[in-house]
Amino acid sequence: MTPIPFVPALDVVYGQAQQVTPFIRRVVAENPSKFTYKGTGTYIVGRGQVGVIDPGPELDSHRDALTAALVDDEVTHIFVTHCHADHSPLAAWLQSQTGAPTLAFGPHGAIDPSDSVVTEEAIDTAFVPDRRMTHGDVVSGDGWTIEAVHTPGHTSNHLCYVLREEQALFSGDHVMGWSTTVIAPPDGDMRAYLDSLRLLLQRSDLTYWPTHGGPITDPGPFVEAYLTHRLEREQQVLSCVRHGNQRIPDIVSELYVDVPETLHDAAGRSVLAHLIKLVDDGLVVADGVPAIDVAFRPA
Ligand SMILES: [Zn+2]
């Protein structure tokens with residue numbers, strides 16, 4: 001597999017806002033996990049009248065940290081990349097404190113109620129933005145400008161946000177500094193995800209600020225490697241099926257030998273996402289509706 005040039009470990013001081021660029025402060029929530037790395041990075045854009053991107057999880061310590069960080073600021077906009085429980089839940093609280101509108105693509109998309117596999121922190125189904133943003137929408141704040149870039153794949157409602165003044169892209173969970181991202185059907189969609197990576201390659205953003213992990217300062221080669229990694233994985237999944245490996249758990253055991261077993265359920269979701277695309281491409285056939293417990297064979 002093509003290696004991905006992951007960025008070095010992030011030095012985190014929980015509870016404190018860190019000025020990471022002239023326009024950007026970051027406050028990392030103390031919710032480290034196998035899916036969130038050191039925790040959720042909430043970004044504050046501007047000074048005085050500010051925008052907040054992904055207020056983060058329901059954690060008292062994070063609420064306190066944001067309150068302290070924003071003591072001299074007026075929040076005018078609350079942006080949300082997508083509504084997983086490590087990103088959006090504090091948006092409601094921040095809104096109640098500030099009266100600022102919440103902005104996002106929309107609420108969460110399809111949910112599989114029978115899916116008990118925990119692949120990521122839960123979905124914040126309560127989140128509904130005050131204002132919907134679609135691809136290319138621009139919001140002007142006090143000295144800063146944010147543009148929405150629709151990047152479905154991780155979730156169908158995932159937005160990245162560009163801070164035009166710094167050509168900086170807040171990449172949410174679409175591109176992360178420390179890991180690949182989980183694509184969990186039905187809302188996660190591998191074809192959409194690959195297209196959303198290609199979309200970033202057409203852009204000329206200088207730095208990515210992911211929600212989890214440090215900044216990606218050379219995004220072009222990073223996204224190329226991310227894309228190549230997925231396409232190689234797709235070929236591996238196809239070749240497993242062609243060699244008679246019909247079941248997702250068996251494919252995961254074969255392909256994810258280097259990945260800790262605690263992440264195998266999540267890996268299974270990504271393999272399912274690849275298989276759905278391969279079925280769609282006419283290369284694989286499923287014995288029924290593609291799902292974790294369904295058998296797959298070559299077309
Ligand atoms: Zn997420």
# chains A, B, ... in the order shown; residues from 1 in each chain; ligands from 1
call {"tool": "residues_near_ligand", "arguments": {"ligand": "ligand 1", "cutoff": "7 Å", "atoms": "only C-alpha atoms and all ligand atoms", "output": "list of chain:residue names"}}
result
A:His82, A:His84, A:Glu120, A:His154, A:Asp173
call {"tool": "write_last_selection", "arguments": {"atoms": "C-alpha atoms", "output": "short mmCIF file (atom, residue, chain, number, x, y, z; two decimals), in the first residue's frame"}}
result
data_model
loop_
_atom_site.label_atom_id
_atom_site.label_comp_id
_atom_site.auth_asym_id
_atom_site.auth_seq_id
_atom_site.Cartn_x
_atom_site.Cartn_y
_atom_site.Cartn_z
CA HIS A 82 -21.05 17.26 9.92
CA HIS A 84 -21.13 13.20 14.42
CA GLU A 120 -17.47 6.26 15.19
CA HIS A 154 -17.53 10.34 5.28
CA ASP A 173 -13.16 14.37 8.99
#
call {"tool": "residues_around", "arguments": {"residues": "Ser171 (chain A)", "least_positions_apart": "3", "cutoff": "12 Å", "atoms": "only C-alpha atoms", "output": "JSON, numbers by chain"}}
result
{"A": [41, 42, 43, 53, 54, 80, 81, 82, 148, 149, 150, 151, 152, 154, 158, 159, 160, 161, 162, 163, 168, 174, 175, 176, 177, 181, 196, 197, 200, 205, 207, 208, 209, 210, 211, 212, 213, 214, 215, 216, 219, 223]}
call {"tool": "select_by_dssp", "arguments": {"residues": "region 118-165 of chain A", "states": "strand (DSSP E)", "output": "list in words"}}
result
Arg131, Arg132, Val138, Val139, Ser140, Thr145, Ile146, Glu147, Ala148, Val149, His150, Leu159, Cys160, Tyr161, Val162 and Leu163 of chain A
call {"tool": "write_last_selection", "arguments": {"atoms": "all heavy atoms", "output": "tab-separated table (two decimals), in the first residue's frame"}}
result
chain	number	residue	atom	x	y	z
A	131	ARG	N	-29.19	27.76	9.17
A	131	ARG	CA	-29.00	28.12	7.76
A	131	ARG	C	-28.27	26.99	7.07
A	131	ARG	O	-27.27	26.49	7.57
A	131	ARG	CB	-28.12	29.37	7.64
A	131	ARG	CG	-28.85	30.64	7.96
A	131	ARG	CD	-28.00	31.80	7.44
A	131	ARG	NE	-27.96	32.86	8.41
A	131	ARG	CZ	-27.02	33.80	8.48
A	131	ARG	NH1	-26.01	33.78	7.62
A	131	ARG	NH2	-27.06	34.74	9.39
A	132	ARG	N	-28.80	26.61	5.92
A	132	ARG	CA	-28.15	25.55	5.15
A	132	ARG	C	-27.14	26.17	4.20
A	132	ARG	O	-27.43	27.18	3.55
A	132	ARG	CB	-29.18	24.76	4.37
A	132	ARG	CG	-30.07	23.97	5.30
A	132	ARG	CD	-30.99	23.06	4.52
A	132	ARG	NE	-31.80	22.29	5.46
A	132	ARG	CZ	-32.07	21.00	5.33
A	132	ARG	NH1	-31.61	20.34	4.29
A	132	ARG	NH2	-32.80	20.38	6.21
A	138	VAL	N	-20.78	31.48	0.39
A	138	VAL	CA	-19.77	32.28	1.06
A	138	VAL	C	-20.43	33.08	2.18
A	138	VAL	O	-21.52	33.64	2.00
A	138	VAL	CB	-19.08	33.25	0.05
A	138	VAL	CG1	-18.14	34.20	0.78
A	138	VAL	CG2	-18.34	32.44	-1.01
A	139	VAL	N	-19.77	33.11	3.33
A	139	VAL	CA	-20.24	33.90	4.47
A	139	VAL	C	-19.14	34.88	4.85
A	139	VAL	O	-17.98	34.49	5.01
A	139	VAL	CB	-20.55	32.97	5.68
A	139	VAL	CG1	-20.74	33.80	6.94
A	139	VAL	CG2	-21.79	32.14	5.40
A	140	SER	N	-19.51	36.15	4.98
A	140	SER	CA	-18.51	37.15	5.37
A	140	SER	C	-18.72	37.52	6.83
A	140	SER	O	-19.82	37.87	7.24
A	140	SER	CB	-18.66	38.41	4.51
A	140	SER	OG	-18.34	38.08	3.18
A	145	THR	N	-13.63	35.61	5.74
A	145	THR	CA	-14.57	35.10	4.75
A	145	THR	C	-14.48	33.58	4.72
A	145	THR	O	-13.39	33.03	4.57
A	145	THR	CB	-14.20	35.63	3.34
A	145	THR	OG1	-13.87	37.01	3.45
A	145	THR	CG2	-15.35	35.45	2.37
A	146	ILE	N	-15.61	32.94	4.87
A	146	ILE	CA	-15.66	31.47	4.85
A	146	ILE	C	-16.48	31.00	3.65
A	146	ILE	O	-17.57	31.50	3.38
A	146	ILE	CB	-16.32	30.94	6.15
A	146	ILE	CG1	-15.42	31.15	7.37
A	146	ILE	CG2	-16.71	29.47	6.00
A	146	ILE	CD1	-14.30	30.14	7.53
A	147	GLU	N	-15.90	30.04	2.93
A	147	GLU	CA	-16.57	29.43	1.76
A	147	GLU	C	-16.82	27.95	2.05
A	147	GLU	O	-15.93	27.26	2.56
A	147	GLU	CB	-15.67	29.58	0.53
A	147	GLU	CG	-16.22	28.91	-0.71
A	147	GLU	CD	-15.19	28.88	-1.85
A	147	GLU	OE1	-14.21	29.67	-1.80
A	147	GLU	OE2	-15.37	28.06	-2.76
A	148	ALA	N	-18.01	27.48	1.71
A	148	ALA	CA	-18.34	26.06	1.93
A	148	ALA	C	-17.89	25.22	0.74
A	148	ALA	O	-18.08	25.60	-0.41
A	148	ALA	CB	-19.85	25.90	2.12
A	149	VAL	N	-17.29	24.08	1.04
A	149	VAL	CA	-16.89	23.11	0.01
A	149	VAL	C	-17.58	21.79	0.37
A	149	VAL	O	-17.25	21.18	1.39
A	149	VAL	CB	-15.35	22.93	-0.02
A	149	VAL	CG1	-14.95	21.93	-1.09
A	149	VAL	CG2	-14.66	24.28	-0.26
A	150	HIS	N	-18.53	21.38	-0.43
A	150	HIS	CA	-19.29	20.16	-0.12
A	150	HIS	C	-18.45	18.93	-0.44
A	150	HIS	O	-18.02	18.75	-1.58
A	150	HIS	CB	-20.61	20.13	-0.91
A	150	HIS	CG	-21.51	19.01	-0.49
A	150	HIS	ND1	-22.39	18.41	-1.37
A	150	HIS	CD2	-21.67	18.37	0.69
A	150	HIS	CE1	-23.05	17.45	-0.72
A	150	HIS	NE2	-22.63	17.41	0.52
A	159	LEU	N	-19.30	19.14	5.07
A	159	LEU	CA	-18.75	20.34	4.43
A	159	LEU	C	-17.33	20.57	4.95
A	159	LEU	O	-17.07	20.41	6.14
A	159	LEU	CB	-19.57	21.59	4.77
A	159	LEU	CG	-20.97	21.77	4.19
A	159	LEU	CD1	-21.55	23.12	4.66
A	159	LEU	CD2	-20.96	21.72	2.67
A	160	CYS	N	-16.42	20.95	4.06
A	160	CYS	CA	-15.18	21.59	4.48
A	160	CYS	C	-15.42	23.09	4.36
A	160	CYS	O	-16.31	23.54	3.64
A	160	CYS	CB	-14.02	21.19	3.58
A	160	CYS	SG	-13.59	19.43	3.64
A	161	TYR	N	-14.64	23.86	5.09
A	161	TYR	CA	-14.78	25.32	5.04
A	161	TYR	C	-13.44	25.94	4.71
A	161	TYR	O	-12.42	25.57	5.31
A	161	TYR	CB	-15.28	25.87	6.38
A	161	TYR	CG	-16.68	25.44	6.74
A	161	TYR	CD1	-16.91	24.44	7.67
A	161	TYR	CD2	-17.77	26.05	6.12
A	161	TYR	CE1	-18.21	24.05	7.99
A	161	TYR	CE2	-19.07	25.66	6.44
A	161	TYR	CZ	-19.28	24.67	7.38
A	161	TYR	OH	-20.57	24.28	7.68
A	162	VAL	N	-13.45	26.87	3.78
A	162	VAL	CA	-12.21	27.57	3.41
A	162	VAL	C	-12.22	28.96	4.04
A	162	VAL	O	-13.20	29.70	3.91
A	162	VAL	CB	-12.09	27.71	1.87
A	162	VAL	CG1	-10.91	28.60	1.51
A	162	VAL	CG2	-11.95	26.34	1.24
A	163	LEU	N	-11.13	29.28	4.73
A	163	LEU	CA	-10.90	30.64	5.19
A	163	LEU	C	-10.10	31.33	4.09
A	163	LEU	O	-8.90	31.06	3.92
A	163	LEU	CB	-10.13	30.64	6.52
A	163	LEU	CG	-9.62	32.00	6.99
A	163	LEU	CD1	-10.77	32.98	7.26
A	163	LEU	CD2	-8.74	31.83	8.24
call {"tool": "closest_residue", "arguments": {"among": "A:Tyr37, A:Tyr193, A:Trp178, A:Phe105", "to": "Asp130 (chain A)", "atoms": "only C-alpha atoms"}}
result
A:Phe105
call {"tool": "atom_distance", "arguments": {"atom1": "CA of Ile78 (chain A)", "atom2": "CA of Gly51 (chain A)"}}
result
5.8 Å
call {"tool": "atom_distance", "arguments": {"atom1": "CA of Leu238 (chain A)", "atom2": "CA of Ile251 (chain A)"}}
result
9.9 Å
call {"tool": "select_by_dssp", "arguments": {"residues": "region 34-205 of chain A", "states": "helix (DSSP H, G or I)", "output": "PyMOL selection string"}}
result
chain A and resi 60-69+90-98+164-166+190-201
call {"tool": "write_last_selection", "arguments": {"atoms": "N, CA, C and O atoms", "output": "compact mmCIF listing (two decimals), in the first residue's frame"}}
result
# COMPACT_ATOMS: atom_id res chain seq x y z
N ASP A 60 -18.23 18.97 29.76
CA ASP A 60 -18.17 20.19 30.57
C ASP A 60 -16.83 20.89 30.41
O ASP A 60 -16.75 22.11 30.34
N SER A 61 -15.75 20.11 30.37
CA SER A 61 -14.42 20.73 30.28
C SER A 61 -14.27 21.50 28.97
O SER A 61 -13.61 22.54 28.92
N HIS A 62 -14.91 21.01 27.91
CA HIS A 62 -14.79 21.71 26.62
C HIS A 62 -15.67 22.97 26.61
O HIS A 62 -15.28 24.00 26.07
N ARG A 63 -16.84 22.85 27.24
CA ARG A 63 -17.70 24.03 27.39
C ARG A 63 -16.93 25.13 28.12
O ARG A 63 -16.92 26.29 27.71
N ASP A 64 -16.28 24.76 29.21
CA ASP A 64 -15.52 25.74 30.01
C ASP A 64 -14.38 26.33 29.19
O ASP A 64 -14.10 27.53 29.25
N ALA A 65 -13.70 25.47 28.44
CA ALA A 65 -12.55 25.94 27.65
C ALA A 65 -13.02 26.93 26.58
O ALA A 65 -12.37 27.96 26.34
N LEU A 66 -14.16 26.64 25.95
CA LEU A 66 -14.66 27.56 24.92
C LEU A 66 -15.13 28.87 25.54
O LEU A 66 -14.89 29.95 25.00
N THR A 67 -15.78 28.77 26.69
CA THR A 67 -16.23 29.98 27.39
C THR A 67 -15.02 30.88 27.67
O THR A 67 -15.06 32.10 27.42
N ALA A 68 -13.95 30.29 28.18
CA ALA A 68 -12.75 31.07 28.49
C ALA A 68 -12.11 31.63 27.22
O ALA A 68 -11.71 32.79 27.17
N ALA A 69 -12.06 30.81 26.19
CA ALA A 69 -11.40 31.24 24.95
C ALA A 69 -12.16 32.39 24.29
O ALA A 69 -11.56 33.25 23.64
N LEU A 90 -22.21 20.60 20.86
CA LEU A 90 -22.13 21.86 21.60
C LEU A 90 -22.61 23.06 20.77
O LEU A 90 -22.67 24.18 21.29
N ALA A 91 -22.96 22.86 19.53
CA ALA A 91 -23.49 23.96 18.72
C ALA A 91 -24.76 24.52 19.38
O ALA A 91 -24.96 25.74 19.43
N ALA A 92 -25.62 23.64 19.89
CA ALA A 92 -26.87 24.09 20.51
C ALA A 92 -26.58 24.93 21.75
O ALA A 92 -27.19 25.98 21.98
N TRP A 93 -25.62 24.46 22.55
CA TRP A 93 -25.24 25.23 23.75
C TRP A 93 -24.64 26.59 23.37
O TRP A 93 -25.02 27.62 23.93
N LEU A 94 -23.73 26.58 22.39
CA LEU A 94 -23.06 27.83 22.01
C LEU A 94 -24.08 28.82 21.45
O LEU A 94 -24.01 30.03 21.71
N GLN A 95 -25.05 28.29 20.73
CA GLN A 95 -26.11 29.15 20.22
C GLN A 95 -26.94 29.76 21.36
O GLN A 95 -27.27 30.94 21.33
N SER A 96 -27.22 28.94 22.36
CA SER A 96 -28.03 29.45 23.48
C SER A 96 -27.26 30.53 24.23
O SER A 96 -27.86 31.45 24.81
N GLN A 97 -25.96 30.45 24.23
CA GLN A 97 -25.12 31.44 24.92
C GLN A 97 -24.97 32.73 24.12
O GLN A 97 -24.79 33.80 24.69
N THR A 98 -24.97 32.61 22.79
CA THR A 98 -24.54 33.73 21.94
C THR A 98 -25.63 34.26 21.01
O THR A 98 -25.53 35.37 20.51
N ARG A 164 -10.76 32.17 3.33
CA ARG A 164 -10.13 32.71 2.12
C ARG A 164 -8.90 33.56 2.45
O ARG A 164 -7.94 33.56 1.68
N GLU A 165 -8.95 34.29 3.55
CA GLU A 165 -7.84 35.19 3.88
C GLU A 165 -6.52 34.43 4.04
O GLU A 165 -5.45 35.00 3.88
N GLU A 166 -6.61 33.15 4.40
CA GLU A 166 -5.37 32.38 4.60
C GLU A 166 -5.28 31.19 3.63
O GLU A 166 -4.36 30.38 3.75
N MET A 190 -18.40 5.46 -0.64
CA MET A 190 -17.02 5.46 -1.13
C MET A 190 -16.87 6.22 -2.46
O MET A 190 -15.89 6.94 -2.65
N ARG A 191 -17.82 6.04 -3.35
CA ARG A 191 -17.70 6.74 -4.64
C ARG A 191 -17.73 8.27 -4.41
O ARG A 191 -16.90 9.01 -4.95
N ALA A 192 -18.66 8.70 -3.57
CA ALA A 192 -18.74 10.13 -3.26
C ALA A 192 -17.46 10.59 -2.57
O ALA A 192 -16.95 11.69 -2.84
N TYR A 193 -16.92 9.73 -1.71
CA TYR A 193 -15.70 10.10 -0.99
C TYR A 193 -14.53 10.31 -1.95
O TYR A 193 -13.81 11.30 -1.85
N LEU A 194 -14.36 9.37 -2.88
CA LEU A 194 -13.26 9.50 -3.86
C LEU A 194 -13.44 10.77 -4.69
O LEU A 194 -12.48 11.51 -4.93
N ASP A 195 -14.67 11.03 -5.10
CA ASP A 195 -14.94 12.26 -5.87
C ASP A 195 -14.62 13.51 -5.04
O ASP A 195 -14.11 14.50 -5.57
N SER A 196 -14.92 13.45 -3.75
CA SER A 196 -14.66 14.60 -2.89
C SER A 196 -13.15 14.80 -2.66
O SER A 196 -12.71 15.92 -2.42
N LEU A 197 -12.39 13.70 -2.71
CA LEU A 197 -10.92 13.87 -2.66
C LEU A 197 -10.43 14.51 -3.95
O LEU A 197 -9.60 15.42 -3.93
N ARG A 198 -10.97 14.05 -5.07
CA ARG A 198 -10.56 14.62 -6.37
C ARG A 198 -10.92 16.10 -6.43
O ARG A 198 -10.18 16.90 -7.00
N LEU A 199 -12.03 16.46 -5.84
CA LEU A 199 -12.44 17.86 -5.81
C LEU A 199 -11.37 18.71 -5.11
O LEU A 199 -11.03 19.81 -5.57
N LEU A 200 -10.82 18.20 -4.03
CA LEU A 200 -9.79 18.96 -3.31
C LEU A 200 -8.54 19.12 -4.16
O LEU A 200 -7.84 20.14 -4.08
N LEU A 201 -8.25 18.11 -4.98
CA LEU A 201 -7.05 18.18 -5.83
C LEU A 201 -7.15 19.30 -6.86
O LEU A 201 -6.14 19.79 -7.36
call {"tool": "closest_residue", "arguments": {"among": "A:Pro57, A:Tyr256, A:Pro101, A:Thr36", "to": "Gln236 (chain A)", "atoms": "only C-alpha atoms"}}
result
A:Tyr256
call {"tool": "atom_distance", "arguments": {"atom1": "CA of Ala273 (chain A)", "atom2": "CA of His87 (chain A)"}}
result
22.5 Å
call {"tool": "residues_around", "arguments": {"residues": "Val289 (chain A)", "least_positions_apart": "3", "cutoff": "12 Å", "atoms": "only C-alpha atoms", "output": "ChimeraX atom specification"}}
result
/A:186,272,275-276,279-280,285-286,292-296
call {"tool": "write_last_selection", "arguments": {"atoms": "N, CA, C and O atoms", "output": "PDB file, in the first residue's frame"}}
result
ATOM      1  N   PRO A 186     -24.952   3.258   5.624  1.00  0.00           N
ATOM      2  CA  PRO A 186     -25.457   3.744   4.332  1.00  0.00           C
ATOM      3  C   PRO A 186     -25.136   5.219   4.046  1.00  0.00           C
ATOM      4  O   PRO A 186     -25.130   5.611   2.896  1.00  0.00           O
ATOM      5  N   LEU A 272     -17.172  -2.788   3.355  1.00  0.00           N
ATOM      6  CA  LEU A 272     -18.532  -2.781   2.809  1.00  0.00           C
ATOM      7  C   LEU A 272     -18.711  -1.607   1.838  1.00  0.00           C
ATOM      8  O   LEU A 272     -19.297  -1.772   0.758  1.00  0.00           O
ATOM      9  N   LEU A 275     -17.184  -2.556  -1.316  1.00  0.00           N
ATOM     10  CA  LEU A 275     -17.953  -3.594  -2.015  1.00  0.00           C
ATOM     11  C   LEU A 275     -19.209  -3.012  -2.661  1.00  0.00           C
ATOM     12  O   LEU A 275     -19.581  -3.404  -3.769  1.00  0.00           O
ATOM     13  N   ILE A 276     -19.851  -2.075  -1.978  1.00  0.00           N
ATOM     14  CA  ILE A 276     -21.040  -1.437  -2.567  1.00  0.00           C
ATOM     15  C   ILE A 276     -20.647  -0.761  -3.878  1.00  0.00           C
ATOM     16  O   ILE A 276     -21.350  -0.860  -4.888  1.00  0.00           O
ATOM     17  N   VAL A 279     -20.010  -3.466  -6.516  1.00  0.00           N
ATOM     18  CA  VAL A 279     -21.283  -4.003  -7.013  1.00  0.00           C
ATOM     19  C   VAL A 279     -21.868  -3.027  -8.035  1.00  0.00           C
ATOM     20  O   VAL A 279     -22.304  -3.405  -9.125  1.00  0.00           O
ATOM     21  N   ASP A 280     -21.814  -1.761  -7.663  1.00  0.00           N
ATOM     22  CA  ASP A 280     -22.295  -0.688  -8.525  1.00  0.00           C
ATOM     23  C   ASP A 280     -21.542  -0.629  -9.852  1.00  0.00           C
ATOM     24  O   ASP A 280     -22.107  -0.327 -10.906  1.00  0.00           O
ATOM     25  N   VAL A 285     -20.880  -9.255  -7.255  1.00  0.00           N
ATOM     26  CA  VAL A 285     -22.315  -9.496  -7.038  1.00  0.00           C
ATOM     27  C   VAL A 285     -22.525  -9.834  -5.563  1.00  0.00           C
ATOM     28  O   VAL A 285     -21.714 -10.561  -4.978  1.00  0.00           O
ATOM     29  N   ALA A 286     -23.584  -9.309  -4.980  1.00  0.00           N
ATOM     30  CA  ALA A 286     -23.896  -9.606  -3.582  1.00  0.00           C
ATOM     31  C   ALA A 286     -25.068 -10.570  -3.516  1.00  0.00           C
ATOM     32  O   ALA A 286     -25.979 -10.493  -4.333  1.00  0.00           O
ATOM     33  N   ILE A 292     -22.974  -6.105   5.934  1.00  0.00           N
ATOM     34  CA  ILE A 292     -21.823  -6.734   6.589  1.00  0.00           C
ATOM     35  C   ILE A 292     -21.904  -8.263   6.540  1.00  0.00           C
ATOM     36  O   ILE A 292     -20.905  -8.945   6.363  1.00  0.00           O
ATOM     37  N   ASP A 293     -23.126  -8.833   6.687  1.00  0.00           N
ATOM     38  CA  ASP A 293     -23.249 -10.289   6.809  1.00  0.00           C
ATOM     39  C   ASP A 293     -23.679 -10.974   5.512  1.00  0.00           C
ATOM     40  O   ASP A 293     -24.118 -12.119   5.531  1.00  0.00           O
ATOM     41  N   VAL A 294     -23.501 -10.270   4.399  1.00  0.00           N
ATOM     42  CA  VAL A 294     -23.914 -10.834   3.110  1.00  0.00           C
ATOM     43  C   VAL A 294     -22.669 -11.387   2.402  1.00  0.00           C
ATOM     44  O   VAL A 294     -21.567 -10.891   2.610  1.00  0.00           O
ATOM     45  N   ALA A 295     -22.857 -12.433   1.565  1.00  0.00           N
ATOM     46  CA  ALA A 295     -21.731 -12.986   0.821  1.00  0.00           C
ATOM     47  C   ALA A 295     -21.571 -12.258  -0.512  1.00  0.00           C
ATOM     48  O   ALA A 295     -22.559 -11.819  -1.116  1.00  0.00           O
ATOM     49  N   PHE A 296     -20.337 -12.101  -0.945  1.00  0.00           N
ATOM     50  CA  PHE A 296     -20.030 -11.429  -2.208  1.00  0.00           C
ATOM     51  C   PHE A 296     -19.250 -12.374  -3.101  1.00  0.00           C
ATOM     52  O   PHE A 296     -18.426 -13.162  -2.634  1.00  0.00           O
TER      53      PHE A 296
END
call {"tool": "residues_around", "arguments": {"residues": "Ile248 (chain A)", "least_positions_apart": "2", "cutoff": "7 Å", "atoms": "only C-alpha atoms", "output": "list in words"}}
result
Gln246, Asp250, Ile251, Val252, Gly268, Val271 and Ile292 of chain A
call {"tool": "decode", "arguments": {"residues": "region 147-171 of chain A", "atoms": "N, CA and C atoms", "output": "tab-separated table (two decimals), in the first residue's frame"}}
result
chain	number	residue	atom	x	y	z
A	147	GLU	N	-15.90	30.04	2.93
A	147	GLU	CA	-16.57	29.43	1.76
A	147	GLU	C	-16.82	27.95	2.05
A	148	ALA	N	-18.01	27.48	1.71
A	148	ALA	CA	-18.34	26.06	1.93
A	148	ALA	C	-17.89	25.22	0.74
A	149	VAL	N	-17.29	24.08	1.04
A	149	VAL	CA	-16.89	23.11	0.01
A	149	VAL	C	-17.58	21.79	0.37
A	150	HIS	N	-18.53	21.38	-0.43
A	150	HIS	CA	-19.29	20.16	-0.12
A	150	HIS	C	-18.45	18.93	-0.44
A	151	THR	N	-18.22	18.12	0.57
A	151	THR	CA	-17.34	16.96	0.43
A	151	THR	C	-18.02	15.71	0.99
A	152	PRO	N	-19.10	15.24	0.34
A	152	PRO	CA	-19.77	14.03	0.83
A	152	PRO	C	-18.83	12.82	0.74
A	153	GLY	N	-19.11	11.81	1.57
A	153	GLY	CA	-18.31	10.59	1.56
A	153	GLY	C	-18.23	10.04	2.97
A	154	HIS	N	-17.54	10.73	3.85
A	154	HIS	CA	-17.53	10.34	5.28
A	154	HIS	C	-18.97	10.38	5.79
A	155	THR	N	-19.67	11.48	5.52
A	155	THR	CA	-21.13	11.56	5.65
A	155	THR	C	-21.62	12.33	4.43
A	156	SER	N	-22.93	12.19	4.14
A	156	SER	CA	-23.44	12.86	2.94
A	156	SER	C	-23.51	14.37	3.14
A	157	ASN	N	-23.56	14.81	4.41
A	157	ASN	CA	-23.71	16.25	4.66
A	157	ASN	C	-22.38	16.93	5.01
A	158	HIS	N	-21.28	16.28	4.72
A	158	HIS	CA	-19.99	16.83	5.17
A	158	HIS	C	-19.59	18.06	4.35
A	159	LEU	N	-19.30	19.14	5.07
A	159	LEU	CA	-18.75	20.34	4.43
A	159	LEU	C	-17.33	20.57	4.95
A	160	CYS	N	-16.42	20.95	4.06
A	160	CYS	CA	-15.18	21.59	4.48
A	160	CYS	C	-15.42	23.09	4.36
A	161	TYR	N	-14.64	23.86	5.09
A	161	TYR	CA	-14.78	25.32	5.04
A	161	TYR	C	-13.44	25.94	4.71
A	162	VAL	N	-13.45	26.87	3.78
A	162	VAL	CA	-12.21	27.57	3.41
A	162	VAL	C	-12.22	28.96	4.04
A	163	LEU	N	-11.13	29.28	4.73
A	163	LEU	CA	-10.90	30.64	5.19
A	163	LEU	C	-10.10	31.33	4.09
A	164	ARG	N	-10.76	32.17	3.33
A	164	ARG	CA	-10.13	32.71	2.12
A	164	ARG	C	-8.90	33.56	2.45
A	165	GLU	N	-8.95	34.29	3.55
A	165	GLU	CA	-7.84	35.19	3.88
A	165	GLU	C	-6.52	34.43	4.04
A	166	GLU	N	-6.61	33.15	4.40
A	166	GLU	CA	-5.37	32.38	4.60
A	166	GLU	C	-5.28	31.19	3.63
A	167	GLN	N	-6.20	31.10	2.69
A	167	GLN	CA	-6.27	29.92	1.82
A	167	GLN	C	-6.14	28.65	2.65
A	168	ALA	N	-6.84	28.65	3.77
A	168	ALA	CA	-6.80	27.53	4.70
A	168	ALA	C	-8.11	26.77	4.60
A	169	LEU	N	-8.03	25.45	4.59
A	169	LEU	CA	-9.24	24.62	4.49
A	169	LEU	C	-9.43	23.82	5.76
A	170	PHE	N	-10.56	24.04	6.41
A	170	PHE	CA	-10.92	23.23	7.58
A	170	PHE	C	-11.52	21.94	7.03
A	171	SER	N	-10.77	20.85	7.18
A	171	SER	CA	-11.13	19.65	6.43
A	171	SER	C	-12.02	18.68	7.21
